[in-house]
>>> print(open('model-v2.pdb').read())   # PDB, C-alpha atoms
ATOM      1  CA  MET A   1      -1.455 -30.898   2.818
ATOM      2  CA  MET A   2      -1.410 -29.463  -0.719
ATOM      3  CA  GLY A   3      -4.407 -27.330   0.191
ATOM      4  CA  LEU A   4      -2.551 -25.831   3.146
ATOM      5  CA  ILE A   5       0.545 -25.079   1.064
ATOM      6  CA  SER A   6      -1.619 -23.525  -1.663
ATOM      7  CA  SER A   7      -3.402 -21.330   0.910
ATOM      8  CA  LEU A   8      -0.054 -20.225   2.349
ATOM      9  CA  ILE A   9       1.305 -19.314  -1.094
ATOM     10  CA  ASN A  10      -1.854 -17.403  -2.040
ATOM     11  CA  GLY A  11      -1.771 -15.707   1.358
ATOM     12  CA  ILE A  12       1.816 -14.585   0.801
ATOM     13  CA  SER A  13       0.805 -13.254  -2.620
ATOM     14  CA  LEU A  14      -2.150 -11.284  -1.206
ATOM     15  CA  GLY A  15      -0.017 -10.185   1.735
ATOM     16  CA  SER A  16       2.627  -8.893  -0.684
ATOM     17  CA  VAL A  17       0.033  -6.515  -2.168
ATOM     18  CA  TYR A  18      -0.961  -5.399   1.326
ATOM     19  CA  ALA A  19       2.720  -4.892   2.150
ATOM     20  CA  ILE A  20       3.322  -2.613  -0.859
ATOM     21  CA  ILE A  21       0.259  -0.540   0.064
ATOM     22  CA  ALA A  22       1.258  -0.493   3.746
ATOM     23  CA  LEU A  23       4.671   0.922   2.809
ATOM     24  CA  GLY A  24       2.925   4.087   1.616
ATOM     25  CA  TYR A  25       1.034   4.414   4.900
ATOM     26  CA  THR A  26       4.053   3.739   7.080
ATOM     27  CA  MET A  27       6.403   6.088   5.170
ATOM     28  CA  VAL A  28       3.972   9.012   5.363
ATOM     29  CA  TYR A  29       3.255   8.382   9.030
ATOM     30  CA  GLY A  30       6.916   7.857   9.897
ATOM     31  CA  ILE A  31       7.976  11.152   8.324
ATOM     32  CA  ALA A  32       4.937  13.458   8.297
ATOM     33  CA  LYS A  33       3.258  11.889  11.373
ATOM     34  CA  MET A  34      -0.117  11.776   9.621
ATOM     35  CA  LEU A  35      -2.449   9.057   8.380
ATOM     36  CA  ASN A  36      -3.222   9.449   4.686
ATOM     37  CA  PHE A  37      -6.584   7.705   4.410
ATOM     38  CA  ALA A  38      -6.798   8.741   0.734
ATOM     39  CA  HIS A  39      -3.993   6.274  -0.031
ATOM     40  CA  GLY A  40      -6.424   3.465  -0.845
ATOM     41  CA  ASP A  41      -8.107   5.622  -3.473
ATOM     42  CA  VAL A  42      -4.780   6.404  -5.138
ATOM     43  CA  ILE A  43      -4.531   2.624  -5.639
ATOM     44  CA  MET A  44      -7.852   2.733  -7.496
ATOM     45  CA  VAL A  45      -6.742   5.681  -9.658
ATOM     46  CA  GLY A  46      -3.545   3.853 -10.613
ATOM     47  CA  ALA A  47      -5.502   0.742 -11.621
ATOM     48  CA  TYR A  48      -7.910   2.825 -13.736
ATOM     49  CA  ILE A  49      -5.068   4.641 -15.510
ATOM     50  CA  CYS A  50      -3.371   1.345 -16.321
ATOM     51  CA  PHE A  51      -6.720  -0.021 -17.544
ATOM     52  CA  CYS A  52      -7.259   3.009 -19.806
ATOM     53  CA  GLY A  53      -3.699   2.816 -21.123
ATOM     54  CA  ILE A  54      -4.178  -0.773 -22.243
ATOM     55  CA  SER A  55      -7.858  -0.761 -23.259
ATOM     56  CA  TYR A  56      -8.242   2.707 -24.827
ATOM     57  CA  LEU A  57      -4.728   3.778 -25.828
ATOM     58  CA  SER A  58      -3.541   0.265 -26.809
ATOM     59  CA  LEU A  59      -0.312   0.736 -24.887
ATOM     60  CA  PRO A  60       1.900  -2.246 -24.055
ATOM     61  CA  PRO A  61       1.398  -3.356 -20.437
ATOM     62  CA  VAL A  62       4.837  -2.087 -19.382
ATOM     63  CA  LEU A  63       4.123   1.427 -20.697
ATOM     64  CA  ALA A  64       0.624   1.396 -19.187
ATOM     65  CA  ILE A  65       2.056   0.486 -15.770
ATOM     66  CA  ALA A  66       4.737   3.193 -16.127
ATOM     67  CA  LEU A  67       2.006   5.718 -17.030
ATOM     68  CA  ALA A  68       0.028   4.720 -13.923
ATOM     69  CA  ILE A  69       3.102   5.110 -11.699
ATOM     70  CA  VAL A  70       3.940   8.549 -13.122
ATOM     71  CA  ALA A  71       0.326   9.734 -12.855
ATOM     72  CA  CYS A  72      -0.083   8.527  -9.263
ATOM     73  CA  THR A  73       3.281  10.010  -8.283
ATOM     74  CA  ALA A  74       2.144  13.383  -9.630
ATOM     75  CA  LEU A  75      -1.244  12.938  -7.940
ATOM     76  CA  GLY A  76       0.456  12.266  -4.602
ATOM     77  CA  ILE A  77       2.502  15.470  -4.911
ATOM     78  CA  VAL A  78      -0.605  17.500  -5.821
ATOM     79  CA  ILE A  79      -2.647  16.043  -2.937
ATOM     80  CA  GLU A  80       0.135  16.743  -0.462
ATOM     81  CA  GLY A  81       0.671  20.284  -1.735
ATOM     82  CA  LEU A  82      -2.991  21.320  -1.870
ATOM     83  CA  ALA A  83      -4.583  19.377   0.985
ATOM     84  CA  TYR A  84      -1.909  18.539   3.562
ATOM     85  CA  LYS A  85       0.865  21.112   3.295
ATOM     86  CA  PRO A  86      -1.343  24.014   4.540
ATOM     87  CA  LEU A  87      -2.130  21.885   7.623
ATOM     88  CA  ARG A  88       1.443  21.295   8.801
ATOM     89  CA  SER A  89       0.767  22.989  12.139
ATOM     90  CA  ALA A  90      -2.916  22.069  12.397
ATOM     91  CA  PRO A  91      -4.290  19.589  14.953
ATOM     92  CA  SER A  92      -4.137  15.936  13.895
ATOM     93  CA  LEU A  93      -7.953  15.751  13.800
ATOM     94  CA  ALA A  94      -8.080  18.445  11.092
ATOM     95  CA  VAL A  95      -5.566  16.502   8.981
ATOM     96  CA  LEU A  96      -7.524  13.277   9.473
ATOM     97  CA  ILE A  97     -10.794  14.899   8.369
ATOM     98  CA  THR A  98      -9.036  16.390   5.341
ATOM     99  CA  ALA A  99      -7.659  12.958   4.395
ATOM    100  CA  ILE A 100     -11.164  11.481   4.535
ATOM    101  CA  GLY A 101     -12.400  14.375   2.390
ATOM    102  CA  VAL A 102      -9.688  13.752  -0.207
ATOM    103  CA  SER A 103     -10.662  10.071  -0.216
ATOM    104  CA  TYR A 104     -14.305  10.879  -0.983
ATOM    105  CA  PHE A 105     -13.239  13.411  -3.624
ATOM    106  CA  LEU A 106     -11.143  10.793  -5.467
ATOM    107  CA  GLN A 107     -13.898   8.158  -5.255
ATOM    108  CA  ASN A 108     -16.576  10.491  -6.596
ATOM    109  CA  SER A 109     -14.275  11.846  -9.319
ATOM    110  CA  ALA A 110     -13.661   8.268 -10.463
ATOM    111  CA  LEU A 111     -17.417   7.667 -10.365
ATOM    112  CA  LEU A 112     -17.999  10.669 -12.662
ATOM    113  CA  ILE A 113     -15.187   9.766 -15.069
ATOM    114  CA  TRP A 114     -15.456   5.971 -15.268
ATOM    115  CA  LYS A 115     -19.042   5.449 -14.008
ATOM    116  CA  SER A 116     -20.108   2.817 -11.492
ATOM    117  CA  ASP A 117     -20.258  -0.230 -13.758
ATOM    118  CA  PRO A 118     -17.418  -2.708 -13.057
ATOM    119  CA  LYS A 119     -14.599  -2.889 -15.576
ATOM    120  CA  VAL A 120     -12.827  -6.149 -16.353
ATOM    121  CA  PHE A 121      -9.119  -5.535 -15.853
ATOM    122  CA  PRO A 122      -7.073  -6.853 -18.803
ATOM    123  CA  THR A 123      -4.600  -9.695 -18.425
ATOM    124  CA  ILE A 124      -1.104  -8.255 -18.013
ATOM    125  CA  PHE A 125       1.016 -11.188 -16.899
ATOM    126  CA  ASN A 126       0.895 -14.105 -19.329
ATOM    127  CA  MET A 127       3.414 -16.289 -17.511
ATOM    128  CA  GLN A 128       2.774 -20.006 -17.440
ATOM    129  CA  PRO A 129       1.915 -21.333 -13.969
ATOM    130  CA  LEU A 130       4.389 -23.550 -12.175
ATOM    131  CA  GLN A 131       3.182 -27.031 -11.284
ATOM    132  CA  PHE A 132       4.572 -29.313  -8.588
ATOM    133  CA  PHE A 133       3.759 -32.797  -7.250
ATOM    134  CA  ASP A 134       2.218 -33.968 -10.541
ATOM    135  CA  GLY A 135      -0.013 -30.922 -10.831
ATOM    136  CA  ARG A 136      -1.452 -31.109  -7.310
ATOM    137  CA  LEU A 137       0.180 -27.763  -6.469
ATOM    138  CA  THR A 138      -0.063 -24.892  -8.957
ATOM    139  CA  ILE A 139       1.473 -21.440  -8.547
ATOM    140  CA  SER A 140       0.078 -18.859 -10.968
ATOM    141  CA  GLY A 141       2.185 -16.337 -12.842
ATOM    142  CA  VAL A 142       0.423 -13.446 -11.077
ATOM    143  CA  THR A 143       1.401 -14.916  -7.700
ATOM    144  CA  LEU A 144       5.059 -15.190  -8.717
ATOM    145  CA  VAL A 145       5.170 -11.649 -10.109
ATOM    146  CA  THR A 146       3.416 -10.213  -7.033
ATOM    147  CA  VAL A 147       5.819 -11.808  -4.548
ATOM    148  CA  LEU A 148       8.838 -10.860  -6.682
ATOM    149  CA  CYS A 149       7.623  -7.244  -6.952
ATOM    150  CA  CYS A 150       7.212  -7.056  -3.187
ATOM    151  CA  ILE A 151      10.767  -8.295  -2.609
ATOM    152  CA  VAL A 152      12.242  -5.914  -5.214
ATOM    153  CA  VAL A 153      10.282  -2.932  -3.830
ATOM    154  CA  MET A 154      11.342  -3.730  -0.280
ATOM    155  CA  VAL A 155      15.027  -4.095  -1.156
ATOM    156  CA  CYS A 156      15.101  -0.954  -3.331
ATOM    157  CA  LEU A 157      13.234   1.122  -0.755
ATOM    158  CA  THR A 158      15.512  -0.039   2.069
ATOM    159  CA  LEU A 159      18.629   0.815   0.050
ATOM    160  CA  PHE A 160      17.139   4.167  -0.973
ATOM    161  CA  ILE A 161      16.320   5.167   2.599
ATOM    162  CA  SER A 162      19.626   3.985   4.055
ATOM    163  CA  ARG A 163      22.083   5.152   1.370
ATOM    164  CA  SER A 164      20.665   8.019  -0.699
ATOM    165  CA  LYS A 165      20.871  11.670   0.313
ATOM    166  CA  ILE A 166      17.113  12.181   0.243
ATOM    167  CA  GLY A 167      16.669   8.926   2.178
ATOM    168  CA  LYS A 168      18.931  10.218   4.940
ATOM    169  CA  ALA A 169      16.934  13.443   4.904
ATOM    170  CA  MET A 170      13.757  11.393   5.366
ATOM    171  CA  ARG A 171      15.225   9.671   8.405
ATOM    172  CA  ALA A 172      16.304  13.015   9.846
ATOM    173  CA  VAL A 173      12.860  14.566   9.346
ATOM    174  CA  SER A 174      11.305  11.468  10.899
ATOM    175  CA  GLU A 175      13.427  11.910  14.022
ATOM    176  CA  ASP A 176      12.987  15.667  14.482
ATOM    177  CA  LYS A 177      11.591  18.110  11.914
ATOM    178  CA  VAL A 178      12.882  21.240  13.669
ATOM    179  CA  ALA A 179      16.405  19.897  14.090
ATOM    180  CA  ALA A 180      16.444  18.682  10.481
ATOM    181  CA  GLN A 181      15.397  22.129   9.268
ATOM    182  CA  LEU A 182      18.143  23.751  11.340
ATOM    183  CA  MET A 183      20.645  21.418   9.657
ATOM    184  CA  GLY A 184      19.594  22.738   6.255
ATOM    185  CA  ILE A 185      17.161  20.010   5.208
ATOM    186  CA  ASN A 186      14.160  21.148   3.183
ATOM    187  CA  VAL A 187      11.380  19.535   5.225
ATOM    188  CA  ASN A 188       8.572  20.391   2.806
ATOM    189  CA  ARG A 189      10.411  18.909  -0.161
ATOM    190  CA  THR A 190      11.269  15.773   1.839
ATOM    191  CA  ILE A 191       7.628  15.220   2.781
ATOM    192  CA  SER A 192       6.562  15.789  -0.850
ATOM    193  CA  VAL A 193       9.070  13.173  -2.027
ATOM    194  CA  THR A 194       7.700  10.770   0.575
ATOM    195  CA  PHE A 195       4.158  11.251  -0.735
ATOM    196  CA  ALA A 196       5.407  10.826  -4.298
ATOM    197  CA  ILE A 197       7.107   7.504  -3.508
ATOM    198  CA  GLY A 198       4.122   6.217  -1.538
ATOM    199  CA  SER A 199       1.708   7.138  -4.326
ATOM    200  CA  GLY A 200       3.921   5.513  -6.967
ATOM    201  CA  LEU A 201       3.932   2.321  -4.904
ATOM    202  CA  ALA A 202       0.137   2.576  -4.659
ATOM    203  CA  ALA A 203      -0.070   2.445  -8.474
ATOM    204  CA  VAL A 204       2.039  -0.732  -8.501
ATOM    205  CA  ALA A 205      -0.180  -2.258  -5.815
ATOM    206  CA  GLY A 206      -3.323  -1.321  -7.757
ATOM    207  CA  VAL A 207      -2.076  -3.076 -10.888
ATOM    208  CA  LEU A 208      -1.055  -6.199  -8.946
ATOM    209  CA  LEU A 209      -4.345  -6.251  -7.037
ATOM    210  CA  CYS A 210      -6.475  -5.987 -10.174
ATOM    211  CA  SER A 211      -4.326  -8.567 -11.962
ATOM    212  CA  ALA A 212      -5.199 -11.059  -9.220
ATOM    213  CA  TYR A 213      -8.826  -9.906  -8.814
ATOM    214  CA  PRO A 214      -9.708  -8.445 -12.247
ATOM    215  CA  VAL A 215     -12.807  -6.412 -11.361
ATOM    216  CA  LEU A 216     -12.306  -2.649 -11.220
ATOM    217  CA  THR A 217     -14.750  -0.168  -9.624
ATOM    218  CA  PRO A 218     -14.396   3.276  -7.950
ATOM    219  CA  THR A 219     -14.318   1.528  -4.567
ATOM    220  CA  THR A 220     -11.683  -1.040  -5.539
ATOM    221  CA  GLY A 221      -9.020   0.428  -3.260
ATOM    222  CA  SER A 222     -11.177   1.019  -0.179
ATOM    223  CA  MET A 223     -11.077  -2.358   1.575
ATOM    224  CA  PRO A 224      -7.488  -3.232   0.529
ATOM    225  CA  GLY A 225      -6.484   0.228   1.760
ATOM    226  CA  ILE A 226      -8.064  -0.378   5.169
ATOM    227  CA  LYS A 227      -6.475  -3.818   5.423
ATOM    228  CA  ALA A 228      -3.087  -2.444   4.394
ATOM    229  CA  PHE A 229      -3.387   0.228   7.079
ATOM    230  CA  THR A 230      -4.177  -2.593   9.501
ATOM    231  CA  ALA A 231      -1.063  -4.397   8.248
ATOM    232  CA  ALA A 232       1.048  -1.286   8.850
ATOM    233  CA  VAL A 233      -0.246  -1.041  12.428
ATOM    234  CA  PHE A 234       0.158  -4.802  12.848
ATOM    235  CA  GLY A 235       3.829  -4.709  11.834
ATOM    236  CA  GLY A 236       4.552  -1.426  13.602
ATOM    237  CA  ILE A 237       3.520   1.763  11.826
ATOM    238  CA  GLY A 238       6.545   3.842  10.894
ATOM    239  CA  SER A 239       8.679   0.731  10.346
ATOM    240  CA  VAL A 240       9.402  -0.229   6.721
ATOM    241  CA  PRO A 241      10.268  -3.887   7.545
ATOM    242  CA  GLY A 242       7.227  -3.919   9.841
ATOM    243  CA  ALA A 243       4.953  -2.921   6.937
ATOM    244  CA  MET A 244       6.195  -5.851   4.857
ATOM    245  CA  LEU A 245       5.970  -8.326   7.736
ATOM    246  CA  GLY A 246       2.521  -7.098   8.762
ATOM    247  CA  GLY A 247       1.220  -7.244   5.183
ATOM    248  CA  ILE A 248       2.383 -10.803   4.559
ATOM    249  CA  LEU A 249       1.123 -12.056   7.925
ATOM    250  CA  LEU A 250      -2.237 -10.367   7.343
ATOM    251  CA  GLY A 251      -2.578 -11.965   3.902
ATOM    252  CA  VAL A 252      -1.705 -15.424   5.236
ATOM    253  CA  ILE A 253      -4.148 -15.092   8.162
ATOM    254  CA  GLU A 254      -6.932 -13.933   5.825
ATOM    255  CA  LEU A 255      -6.465 -16.778   3.331
ATOM    256  CA  LEU A 256      -6.173 -19.428   6.058
ATOM    257  CA  ALA A 257      -9.327 -18.060   7.706
ATOM    258  CA  LYS A 258     -11.205 -18.217   4.386
ATOM    259  CA  SER A 259      -9.979 -21.746   3.663
ATOM    260  CA  TYR A 260     -10.413 -23.371   7.063
ATOM    261  CA  ILE A 261     -12.843 -21.287   9.131
ATOM    262  CA  SER A 262     -15.319 -19.074   7.256
ATOM    263  CA  THR A 263     -15.292 -16.865   4.179
ATOM    264  CA  GLN A 264     -17.872 -14.549   5.758
ATOM    265  CA  PHE A 265     -15.933 -14.114   9.005
ATOM    266  CA  SER A 266     -12.409 -13.913   7.541
ATOM    267  CA  ASP A 267     -12.231 -10.122   7.822
ATOM    268  CA  ALA A 268     -13.508 -10.239  11.412
ATOM    269  CA  ILE A 269     -10.836 -12.819  12.246
ATOM    270  CA  VAL A 270      -8.123 -10.613  10.722
ATOM    271  CA  PHE A 271      -9.144  -7.597  12.812
ATOM    272  CA  ALA A 272      -9.547  -9.756  15.927
ATOM    273  CA  VAL A 273      -5.946 -10.938  15.531
ATOM    274  CA  LEU A 274      -4.869  -7.299  15.190
ATOM    275  CA  ILE A 275      -6.658  -6.393  18.433
ATOM    276  CA  VAL A 276      -4.961  -9.251  20.271
ATOM    277  CA  VAL A 277      -1.525  -8.249  18.958
ATOM    278  CA  LEU A 278      -2.041  -4.605  19.945
ATOM    279  CA  LEU A 279      -3.226  -5.601  23.411
ATOM    280  CA  ILE A 280       0.000  -7.567  23.882
ATOM    281  CA  ARG A 281       2.291  -5.190  21.989
ATOM    282  CA  PRO A 282       0.676  -1.746  21.381
ATOM    283  CA  THR A 283       3.463  -0.559  19.056
ATOM    284  CA  GLY A 284       3.065  -3.537  16.699
ATOM    285  CA  ILE A 285       5.445  -6.411  16.030
ATOM    286  CA  LEU A 286       8.471  -4.336  14.963
ATOM    287  CA  GLY A 287       7.381  -0.966  16.342
ATOM    288  CA  LYS A 288       9.642   0.871  18.753
ATOM    289  CA  LYS A 289       8.451   2.243  22.069
ATOM    290  CA  ILE A 290       9.174   5.962  22.236
ATOM    291  CA  SER A 291       9.532   7.701  25.581
ATOM    292  CA  GLU A 292       8.537  11.357  25.669
ATOM    293  CA  LYS A 293       9.687  13.846  28.280
ATOM    294  CA  VAL A 294       6.894  15.952  29.750
TER     295      VAL A 294
END
>>> encode(input="model-v2.pdb", output="structure tokens")
Amino acid sequence: MMGLISSLINGISLGSVYAIIALGYTMVYGIAKMLNFAHGDVIMVGAYICFCGISYLSLPPVLAIALAIVACTALGIVIEGLAYKPLRSAPSLAVLITAIGVSYFLQNSALLIWKSDPKVFPTIFNMQPLQFFDGRLTISGVTLVTVLCCIVVMVCLTLFISRSKIGKAMRAVSEDKVAAQLMGINVNRTISVTFAIGSGLAAVAGVLLCSAYPVLTPTTGSMPGIKAFTAAVFGGIGSVPGAMLGGILLGVIELLAKSYISTQFSDAIVFAVLIVVLLIRPTGILGKKISEKV
């Protein structure tokens, strides 16, 4: 029984990281209607910047995390402006190929700068673990911080989108870019802000991911990025609550599969569950069916 509860808690923790990453995917898709497959590599860049801030610049962890967020936010704006903005009217395939190209560019740049040897990510969260049932159930400090961060990010992002001026502009652009532009909304700036927010969240996810699994390489963000994209589709891509729900469910399914079925086949089980869900509900759990007039 304790093993099941422990697997559920660890799954929620891992799923919280997936959820934060998936928010970047779902925001960009919901507003710009494109899949930013370079998002996973922004996670890796954020983790490396935080690592350098602590290990080389001797910055306190809080400042190193803030530096990573600022750097990834700026990186997101630059990527959007140079790689995606010129392709606003291009076919979706051209944008997809460009996103893959940006992903490879970031991975190889990291390989040139930080080399291929794995780096040991420093300990950031020194919280004492919580113990229950005479020590039979232990919840680590990283797990607590990860889940708390996910909740705070979700609440803040929901309030930002629903109540702020730029958040309302995002919703308008998501509904109809042409109509939003006619109403005086700067569509390009709105999309840039969306990329900035998503990339900042990617830095947070990178730090949390490497705090839980403290091995850092230029491919660190690749598999979590793919799984987070899966989580976004699972929950309903374009839906902010769907990204959180999909991420947490994906993390729980993965950890339960590793604990009770097979470590080797856990990823296959995760994607098999996704296929089943999409066969039953193609728009995802919280996705909305959109009817288009032809």
>>> atom_distance(input="model-v2.pdb", atom1="atom CA of Asn36 of chain A", atom2="atom CA of Ala99 of chain A")
5.7 Å
>>> resolve_selection(input="model-v2.pdb", expression="the PyMOL selection byres ((chain A and resi 255) around 10)", output="JSON, numbers by chain")
{"A": [4, 6, 7, 8, 9, 10, 11, 12, 14, 15, 250, 251, 252, 253, 254, 256, 257, 258, 259, 260, 261, 262, 263, 266, 267, 270]}
>>> resolve_selection(input="model-v2.pdb", expression="the PyMOL selection byres ((chain A and resi 225) around 10)", output="CSV table (one decimal) with C-alpha atoms, in the coordinates of the input")
chain,number,residue,atom,x,y,z
A,18,TYR,CA,-1.0,-5.4,1.3
A,21,ILE,CA,0.3,-0.5,0.1
A,22,ALA,CA,1.3,-0.5,3.7
A,25,TYR,CA,1.0,4.4,4.9
A,37,PHE,CA,-6.6,7.7,4.4
A,38,ALA,CA,-6.8,8.7,0.7
A,39,HIS,CA,-4.0,6.3,0.0
A,40,GLY,CA,-6.4,3.5,-0.8
A,41,ASP,CA,-8.1,5.6,-3.5
A,42,VAL,CA,-4.8,6.4,-5.1
A,43,ILE,CA,-4.5,2.6,-5.6
A,44,MET,CA,-7.9,2.7,-7.5
A,202,ALA,CA,0.1,2.6,-4.7
A,220,THR,CA,-11.7,-1.0,-5.5
A,221,GLY,CA,-9.0,0.4,-3.3
A,222,SER,CA,-11.2,1.0,-0.2
A,223,MET,CA,-11.1,-2.4,1.6
A,224,PRO,CA,-7.5,-3.2,0.5
A,226,ILE,CA,-8.1,-0.4,5.2
A,227,LYS,CA,-6.5,-3.8,5.4
A,228,ALA,CA,-3.1,-2.4,4.4
A,229,PHE,CA,-3.4,0.2,7.1
A,230,THR,CA,-4.2,-2.6,9.5
A,231,ALA,CA,-1.1,-4.4,8.2
>>> residues_around(input="model-v2.pdb", residues="Cys50 of chain A", least_positions_apart="5", cutoff="6 Å", atoms="all atoms listed in the file", output="ChimeraX atom specification")
/A:64-65,68
>>> atom_distance(input="model-v2.pdb", atom1="atom CA of Ala205 of chain A", atom2="atom CA of Ile20 of chain A")
6.1 Å
>>> resolve_selection(input="model-v2.pdb", expression="the PyMOL selection byres ((chain A and resi 129) around 6)", output="list in words")
Gln128, Leu130, Ile139, Ser140 and Gly141 of chain A
>>> atom_distance(input="model-v2.pdb", atom1="atom CA of Val120 of chain A", atom2="atom CA of Cys72 of chain A")
20.7 Å
>>> closest_residue(input="model-v2.pdb", among="A:Gly81, A:Gly235, A:Pro241, A:Gly247", to="Val277 of chain A", atoms="only C-alpha atoms")
A:Gly235
>>> closest_residue(input="model-v2.pdb", among="A:Phe125, A:Ser192, A:Ala172, A:Leu59", to="Lys85 of chain A", atoms="all atoms listed in the file")
A:Ser192
>>> residues_near_point(input="model-v2.pdb", point="(3.2, 12.1, 0.4)", cutoff="6 Å", atoms="all atoms listed in the file", output="compact mmCIF listing (two decimals) with C-alpha atoms, in the frame of the given file")
# COMPACT_ATOMS: atom_id res chain seq x y z
CA VAL A 28 3.97 9.01 5.36
CA GLY A 76 0.46 12.27 -4.60
CA GLU A 80 0.14 16.74 -0.46
CA ILE A 191 7.63 15.22 2.78
CA SER A 192 6.56 15.79 -0.85
CA THR A 194 7.70 10.77 0.57
CA PHE A 195 4.16 11.25 -0.74
CA ALA A 196 5.41 10.83 -4.30
>>> residues_around(input="model-v2.pdb", residues="segment 105-119 of chain A", least_positions_apart="6", cutoff="6 Å", atoms="all atoms listed in the file", output="count of residues only")
4
>>> closest_residue(input="model-v2.pdb", among="A:Ile5, A:Val152, A:Ile280, A:Val17", to="Ala203 of chain A", atoms="all atoms listed in the file")
A:Val17
>>> axis_aligned_box(input="model-v2.pdb", around="segment 114-127 of chain A", padding_each_side="5 Å", output="AutoDock Vina command-line options")
--center_x -8.4 --center_y -5.2 --center_z -15.4 --size_x 33.7 --size_y 32.3 --size_z 17.8
>>> residues_around(input="model-v2.pdb", residues="Ala232 of chain A", least_positions_apart="5", cutoff="8 Å", atoms="only C-alpha atoms", output="list in words")
Ala19, Ala22, Leu23, Tyr25, Thr26, Ile237, Gly238, Gly242, Ala243, Met244, Gly246 and Gly247 of chain A
>>> write_last_selection(input="model-v2.pdb", atoms="C-alpha atoms", output="CSV table (one decimal), in the coordinates of the input")
chain,number,residue,atom,x,y,z
A,19,ALA,CA,2.7,-4.9,2.2
A,22,ALA,CA,1.3,-0.5,3.7
A,23,LEU,CA,4.7,0.9,2.8
A,25,TYR,CA,1.0,4.4,4.9
A,26,THR,CA,4.1,3.7,7.1
A,237,ILE,CA,3.5,1.8,11.8
A,238,GLY,CA,6.5,3.8,10.9
A,242,GLY,CA,7.2,-3.9,9.8
A,243,ALA,CA,5.0,-2.9,6.9
A,244,MET,CA,6.2,-5.9,4.9
A,246,GLY,CA,2.5,-7.1,8.8
A,247,GLY,CA,1.2,-7.2,5.2
